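Shown below: model.tsv, with TSV, N, CA and C atoms.
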chain	number	residue	atom	x	y	z
B	22	MET	N	-5.20	24.20	-18.00
B	22	MET	CA	-5.16	22.75	-18.09
B	22	MET	C	-6.58	22.20	-18.02
B	23	ASP	N	-6.72	21.09	-18.59
B	23	ASP	CA	-8.01	20.41	-18.63
B	23	ASP	C	-8.25	19.67	-17.30
B	24	ALA	N	-9.49	19.64	-16.87
B	24	ALA	CA	-9.82	18.97	-15.61
B	24	ALA	C	-9.59	17.46	-15.71
B	25	ASP	N	-9.74	16.91	-16.91
B	25	ASP	CA	-9.51	15.47	-17.08
B	25	ASP	C	-8.06	15.10	-16.82
B	26	TYR	N	-7.16	16.01	-17.10
B	26	TYR	CA	-5.74	15.76	-16.85
B	26	TYR	C	-5.49	15.52	-15.37
B	27	PHE	N	-6.06	16.38	-14.53
B	27	PHE	CA	-5.86	16.24	-13.09
B	27	PHE	C	-6.63	15.05	-12.52
B	28	LEU	N	-7.78	14.76	-13.09
B	28	LEU	CA	-8.52	13.57	-12.65
B	28	LEU	C	-7.78	12.29	-13.01
B	29	THR	N	-7.11	12.30	-14.15
B	29	THR	CA	-6.31	11.14	-14.54
B	29	THR	C	-5.15	10.94	-13.57
B	30	ILE	N	-4.49	12.04	-13.20
B	30	ILE	CA	-3.39	11.94	-12.24
B	30	ILE	C	-3.90	11.46	-10.88
B	31	ALA	N	-5.05	11.99	-10.45
B	31	ALA	CA	-5.62	11.56	-9.16
B	31	ALA	C	-6.01	10.09	-9.20
B	32	ASP	N	-6.57	9.64	-10.30
B	32	ASP	CA	-6.94	8.24	-10.45
B	32	ASP	C	-5.71	7.34	-10.41
B	33	GLN	N	-4.65	7.75	-11.12
B	33	GLN	CA	-3.42	6.99	-11.12
B	33	GLN	C	-2.78	6.96	-9.73
B	34	THR	N	-2.88	8.08	-9.02
B	34	THR	CA	-2.34	8.15	-7.66
B	34	THR	C	-3.05	7.18	-6.73
B	35	MET	N	-4.36	7.13	-6.81
B	35	MET	CA	-5.11	6.21	-5.96
B	35	MET	C	-4.81	4.75	-6.30
B	36	TRP	N	-4.63	4.47	-7.58
B	36	TRP	CA	-4.31	3.11	-8.00
B	36	TRP	C	-2.94	2.70	-7.49
B	37	VAL	N	-1.95	3.58	-7.59
B	37	VAL	CA	-0.60	3.29	-7.09
B	37	VAL	C	-0.63	3.10	-5.57
B	38	LEU	N	-1.41	3.93	-4.89
B	38	LEU	CA	-1.54	3.80	-3.44
B	38	LEU	C	-2.12	2.44	-3.05
B	39	ALA	N	-3.14	2.00	-3.77
B	39	ALA	CA	-3.74	0.69	-3.48
B	39	ALA	C	-2.75	-0.44	-3.75
B	40	LEU	N	-2.02	-0.34	-4.86
B	40	LEU	CA	-1.05	-1.39	-5.20
B	40	LEU	C	0.12	-1.41	-4.23
B	41	ALA	N	0.50	-0.25	-3.71
B	41	ALA	CA	1.63	-0.20	-2.78
B	41	ALA	C	1.26	-0.67	-1.39
B	42	SER	N	0.03	-0.45	-0.97
B	42	SER	CA	-0.34	-0.80	0.40
B	42	SER	C	-0.93	-2.21	0.53
B	43	ALA	N	-1.47	-2.75	-0.54
B	43	ALA	CA	-2.12	-4.06	-0.45
B	43	ALA	C	-1.19	-5.19	-0.03
B	44	PRO	N	0.05	-5.27	-0.53
B	44	PRO	CA	0.91	-6.39	-0.11
B	44	PRO	C	1.26	-6.39	1.38
B	45	ILE	N	1.06	-5.28	2.05
B	45	ILE	CA	1.32	-5.22	3.49
B	45	ILE	C	0.02	-5.37	4.27
B	46	LEU	N	-1.02	-4.70	3.82
B	46	LEU	CA	-2.27	-4.69	4.58
B	46	LEU	C	-3.02	-6.02	4.52
B	47	ILE	N	-3.04	-6.68	3.39
B	47	ILE	CA	-3.81	-7.92	3.26
B	47	ILE	C	-3.24	-9.04	4.16
B	48	PRO	N	-1.92	-9.29	4.15
B	48	PRO	CA	-1.41	-10.31	5.09
B	48	PRO	C	-1.62	-9.92	6.56
B	49	ALA	N	-1.52	-8.62	6.89
B	49	ALA	CA	-1.76	-8.20	8.27
B	49	ALA	C	-3.21	-8.44	8.66
B	50	LEU	N	-4.12	-8.18	7.73
B	50	LEU	CA	-5.54	-8.41	7.99
B	50	LEU	C	-5.82	-9.89	8.18
B	51	LEU	N	-5.25	-10.72	7.32
B	51	LEU	CA	-5.48	-12.17	7.44
B	51	LEU	C	-4.88	-12.74	8.72
B	52	SER	N	-3.69	-12.28	9.08
B	52	SER	CA	-3.10	-12.80	10.32
B	52	SER	C	-3.90	-12.34	11.54
B	53	GLY	N	-4.40	-11.11	11.52
B	53	GLY	CA	-5.24	-10.63	12.61
B	53	GLY	C	-6.54	-11.42	12.71
B	54	LEU	N	-7.11	-11.76	11.55
B	54	LEU	CA	-8.34	-12.56	11.54
B	54	LEU	C	-8.10	-13.96	12.08
B	55	ILE	N	-7.01	-14.58	11.67
B	55	ILE	CA	-6.69	-15.93	12.14
B	55	ILE	C	-6.40	-15.92	13.64
B	56	MET	N	-5.63	-14.92	14.09
B	56	MET	CA	-5.32	-14.85	15.53
B	56	MET	C	-6.58	-14.55	16.34
B	57	GLY	N	-7.47	-13.75	15.79
B	57	GLY	CA	-8.73	-13.49	16.48
B	57	GLY	C	-9.58	-14.75	16.62
B	58	MET	N	-9.58	-15.56	15.56
B	58	MET	CA	-10.33	-16.82	15.63
B	58	MET	C	-9.70	-17.77	16.64
B	59	ILE	N	-8.38	-17.81	16.69
B	59	ILE	CA	-7.69	-18.67	17.67
B	59	ILE	C	-7.98	-18.18	19.09
B	60	GLN	N	-7.94	-16.86	19.28
B	60	GLN	CA	-8.23	-16.31	20.62
B	60	GLN	C	-9.67	-16.57	21.02
B	61	ALA	N	-10.59	-16.50	20.08
B	61	ALA	CA	-11.99	-16.78	20.40
B	61	ALA	C	-12.19	-18.25	20.73
B	62	ALA	N	-11.48	-19.12	20.04
B	62	ALA	CA	-11.63	-20.55	20.27
B	62	ALA	C	-11.01	-20.98	21.60
B	63	THR	N	-9.92	-20.32	21.99
B	63	THR	CA	-9.23	-20.73	23.20
B	63	THR	C	-9.57	-19.85	24.41
B	64	SER	N	-10.33	-18.80	24.20
B	64	SER	CA	-10.72	-17.85	25.25
B	64	SER	C	-9.52	-17.17	25.90
B	65	ILE	N	-8.46	-16.99	25.12
B	65	ILE	CA	-7.29	-16.24	25.59
B	65	ILE	C	-7.41	-14.83	25.04
B	66	ASN	N	-7.55	-13.85	25.91
B	66	ASN	CA	-7.74	-12.47	25.48
B	66	ASN	C	-6.53	-11.60	25.81
B	67	GLU	N	-5.38	-12.03	25.37
B	67	GLU	CA	-4.15	-11.28	25.59
B	67	GLU	C	-3.87	-10.43	24.35
B	68	ALA	N	-3.68	-9.12	24.55
B	68	ALA	CA	-3.49	-8.21	23.42
B	68	ALA	C	-2.18	-8.47	22.69
B	69	SER	N	-1.13	-8.80	23.43
B	69	SER	CA	0.16	-9.03	22.78
B	69	SER	C	0.16	-10.31	21.94
B	70	LEU	N	-0.75	-11.22	22.23
B	70	LEU	CA	-0.83	-12.46	21.47
B	70	LEU	C	-1.23	-12.19	20.02
B	71	SER	N	-2.04	-11.18	19.78
B	71	SER	CA	-2.42	-10.87	18.40
B	71	SER	C	-1.48	-9.84	17.77
B	72	PHE	N	-0.80	-9.03	18.59
B	72	PHE	CA	0.05	-7.98	18.07
B	72	PHE	C	1.36	-8.52	17.50
B	73	VAL	N	1.98	-9.42	18.21
B	73	VAL	CA	3.30	-9.93	17.81
B	73	VAL	C	3.24	-10.67	16.47
B	74	PRO	N	2.29	-11.58	16.24
B	74	PRO	CA	2.24	-12.23	14.92
B	74	PRO	C	1.97	-11.25	13.78
B	75	LYS	N	1.12	-10.24	14.03
B	75	LYS	CA	0.89	-9.24	12.99
B	75	LYS	C	2.16	-8.46	12.70
B	76	LEU	N	2.92	-8.14	13.73
B	76	LEU	CA	4.17	-7.43	13.55
B	76	LEU	C	5.15	-8.25	12.72
B	77	VAL	N	5.22	-9.53	13.00
B	77	VAL	CA	6.12	-10.42	12.25
B	77	VAL	C	5.65	-10.53	10.79
B	78	VAL	N	4.35	-10.66	10.58
B	78	VAL	CA	3.82	-10.77	9.22
B	78	VAL	C	4.08	-9.49	8.43
B	79	VAL	N	3.91	-8.34	9.05
B	79	VAL	CA	4.18	-7.08	8.36
B	79	VAL	C	5.66	-6.96	8.04
B	80	ALA	N	6.54	-7.35	8.95
B	80	ALA	CA	7.98	-7.29	8.70
B	80	ALA	C	8.37	-8.20	7.54
B	81	VAL	N	7.83	-9.40	7.51
B	81	VAL	CA	8.12	-10.33	6.42
B	81	VAL	C	7.56	-9.80	5.10
B	82	SER	N	6.38	-9.22	5.14
B	82	SER	CA	5.77	-8.65	3.94
B	82	SER	C	6.62	-7.51	3.38
B	83	ILE	N	7.15	-6.69	4.26
B	83	ILE	CA	8.01	-5.59	3.81
B	83	ILE	C	9.30	-6.15	3.21
B	84	LEU	N	9.86	-7.19	3.81
B	84	LEU	CA	11.06	-7.80	3.25
B	84	LEU	C	10.81	-8.42	1.89
B	85	VAL	N	9.67	-9.07	1.73
B	85	VAL	CA	9.37	-9.76	0.48
B	85	VAL	C	8.94	-8.77	-0.61
B	86	PHE	N	8.03	-7.86	-0.28
B	86	PHE	CA	7.44	-6.97	-1.28
B	86	PHE	C	8.03	-5.56	-1.29
B	87	GLY	N	9.02	-5.29	-0.44
B	87	GLY	CA	9.56	-3.94	-0.34
B	87	GLY	C	10.18	-3.44	-1.64
B	88	GLY	N	10.91	-4.29	-2.32
B	88	GLY	CA	11.52	-3.89	-3.59
B	88	GLY	C	10.49	-3.55	-4.65
B	89	MET	N	9.44	-4.37	-4.71
B	89	MET	CA	8.37	-4.11	-5.68
B	89	MET	C	7.67	-2.79	-5.36
B	90	ILE	N	7.39	-2.55	-4.10
B	90	ILE	CA	6.71	-1.32	-3.70
B	90	ILE	C	7.59	-0.11	-3.99
B	91	LEU	N	8.87	-0.22	-3.68
B	91	LEU	CA	9.80	0.88	-3.96
B	91	LEU	C	9.90	1.15	-5.45
B	92	GLY	N	9.95	0.11	-6.27
B	92	GLY	CA	9.99	0.28	-7.72
B	92	GLY	C	8.72	0.94	-8.25
B	93	LEU	N	7.58	0.53	-7.72
B	93	LEU	CA	6.30	1.11	-8.13
B	93	LEU	C	6.24	2.59	-7.79
B	94	LEU	N	6.65	2.93	-6.58
B	94	LEU	CA	6.61	4.32	-6.16
B	94	LEU	C	7.63	5.17	-6.91
B	95	SER	N	8.80	4.62	-7.20
B	95	SER	CA	9.79	5.41	-7.93
B	95	SER	C	9.36	5.61	-9.39
B	96	ASP	N	8.77	4.59	-10.01
B	96	ASP	CA	8.25	4.77	-11.37
B	96	ASP	C	7.16	5.82	-11.42
B	97	PHE	N	6.29	5.82	-10.43
B	97	PHE	CA	5.22	6.81	-10.38
B	97	PHE	C	5.79	8.21	-10.18
B	98	THR	N	6.79	8.33	-9.32
B	98	THR	CA	7.41	9.64	-9.08
B	98	THR	C	8.10	10.17	-10.34
B	99	VAL	N	8.81	9.31	-11.04
B	99	VAL	CA	9.45	9.72	-12.29
B	99	VAL	C	8.40	10.16	-13.31
B	100	ASP	N	7.30	9.43	-13.38
B	100	ASP	CA	6.22	9.79	-14.31
B	100	ASP	C	5.61	11.15	-13.96
B	101	ILE	N	5.42	11.41	-12.69
B	101	ILE	CA	4.86	12.70	-12.27
B	101	ILE	C	5.84	13.83	-12.60
B	102	PHE	N	7.13	13.61	-12.35
B	102	PHE	CA	8.13	14.63	-12.67
B	102	PHE	C	8.23	14.88	-14.16
B	103	GLN	N	8.03	13.84	-14.98
B	103	GLN	CA	8.06	14.02	-16.42
B	103	GLN	C	6.84	14.79	-16.93
B	104	ARG	N	5.78	14.82	-16.16
B	104	ARG	CA	4.57	15.57	-16.55
B	104	ARG	C	4.63	17.04	-16.19
B	105	ILE	N	5.63	17.46	-15.44
B	105	ILE	CA	5.72	18.86	-15.01
B	105	ILE	C	5.78	19.82	-16.19
B	106	PRO	N	6.55	19.55	-17.25
B	106	PRO	CA	6.54	20.49	-18.38
B	106	PRO	C	5.17	20.69	-19.01
B	107	ASP	N	4.32	19.67	-18.98
B	107	ASP	CA	2.96	19.81	-19.52
B	107	ASP	C	2.13	20.80	-18.70
B	108	LEU	N	2.43	20.91	-17.42
B	108	LEU	CA	1.69	21.84	-16.56
B	108	LEU	C	2.12	23.28	-16.77
B	109	VAL	N	3.38	23.48	-17.17
B	109	VAL	CA	3.91	24.83	-17.32
B	109	VAL	C	3.40	25.49	-18.59
B	110	LYS	N	3.12	24.74	-19.61
B	110	LYS	CA	2.66	25.28	-20.90
B	110	LYS	C	1.43	26.11	-20.78
For this file, produce the structure as structure tokens.
Amino acid sequence: MDADYFLTIADQTMWVLALASAPILIPALLSGLIMGMIQAATSINEASLSFVPKLVVVAVSILVFGGMILGLLSDFTVDIFQRIPDLVK
């Protein structure tokens, strides 16, 4: 097999990984940043104060974007399985 074939698969894998994780990580990052700014402004340094909102944001993100992420991952898996005969040749 050609090395470009495997590099293409690795590149596609990294792209799918970024697309699947971004809808969860970006809202969690933004909520953590906002809660950190609120904690700095109010001088409240309670760990659970920043954890609970992030947990809620991640749960809502999974509910909203879970179907899209599952579809993306299943399409990628089907594509990888369809490429198996090319590897056997």
Q: Rounded to one decimal place, report the atom N of Gly92 of chain B-atom CA of Val109 of chain B distance in Å.
A: 27.7 Å
Around all the atoms of segment 85-102 of chain B listed in the file, with 8 Å of room on each side, what axis-aligned box do you get, giving centre and edge lengths in Å to one decimal, as AutoDock Vina command-line options?
--center_x 8.2 --center_y 2.6 --center_z -6.3 --size_x 22.7 --size_y 40.6 --size_z 32.0
(Q) Would you pick out the contacts of segment 44-52 of chain B at 8 Å or less, using all atoms listed in the file, so that residues sharing its chain but fewer than 6 positions from it are not included, and give the list as JSON, numbers by chain? (A) {"B": [58, 71, 74, 75, 76, 78, 79, 80, 81, 82, 83, 86]}
Q: Neighbourhood query: residues within 8 Å of (3.8, 4.1, -6.4), file coordinates, counting only N, CA and C atoms; return as a ChimeraX atom specification.
A: /B:33-34,36-41,89-98
Q) Any idea what the distance is between atom C of Asp100 of chain B and atom C of Ala43 of chain B? A) 22.5 Å
Q) In Å to one decimal, how far is atom N of Arg104 of chain B from atom CA of Leu28 of chain B? A) 14.8 Å
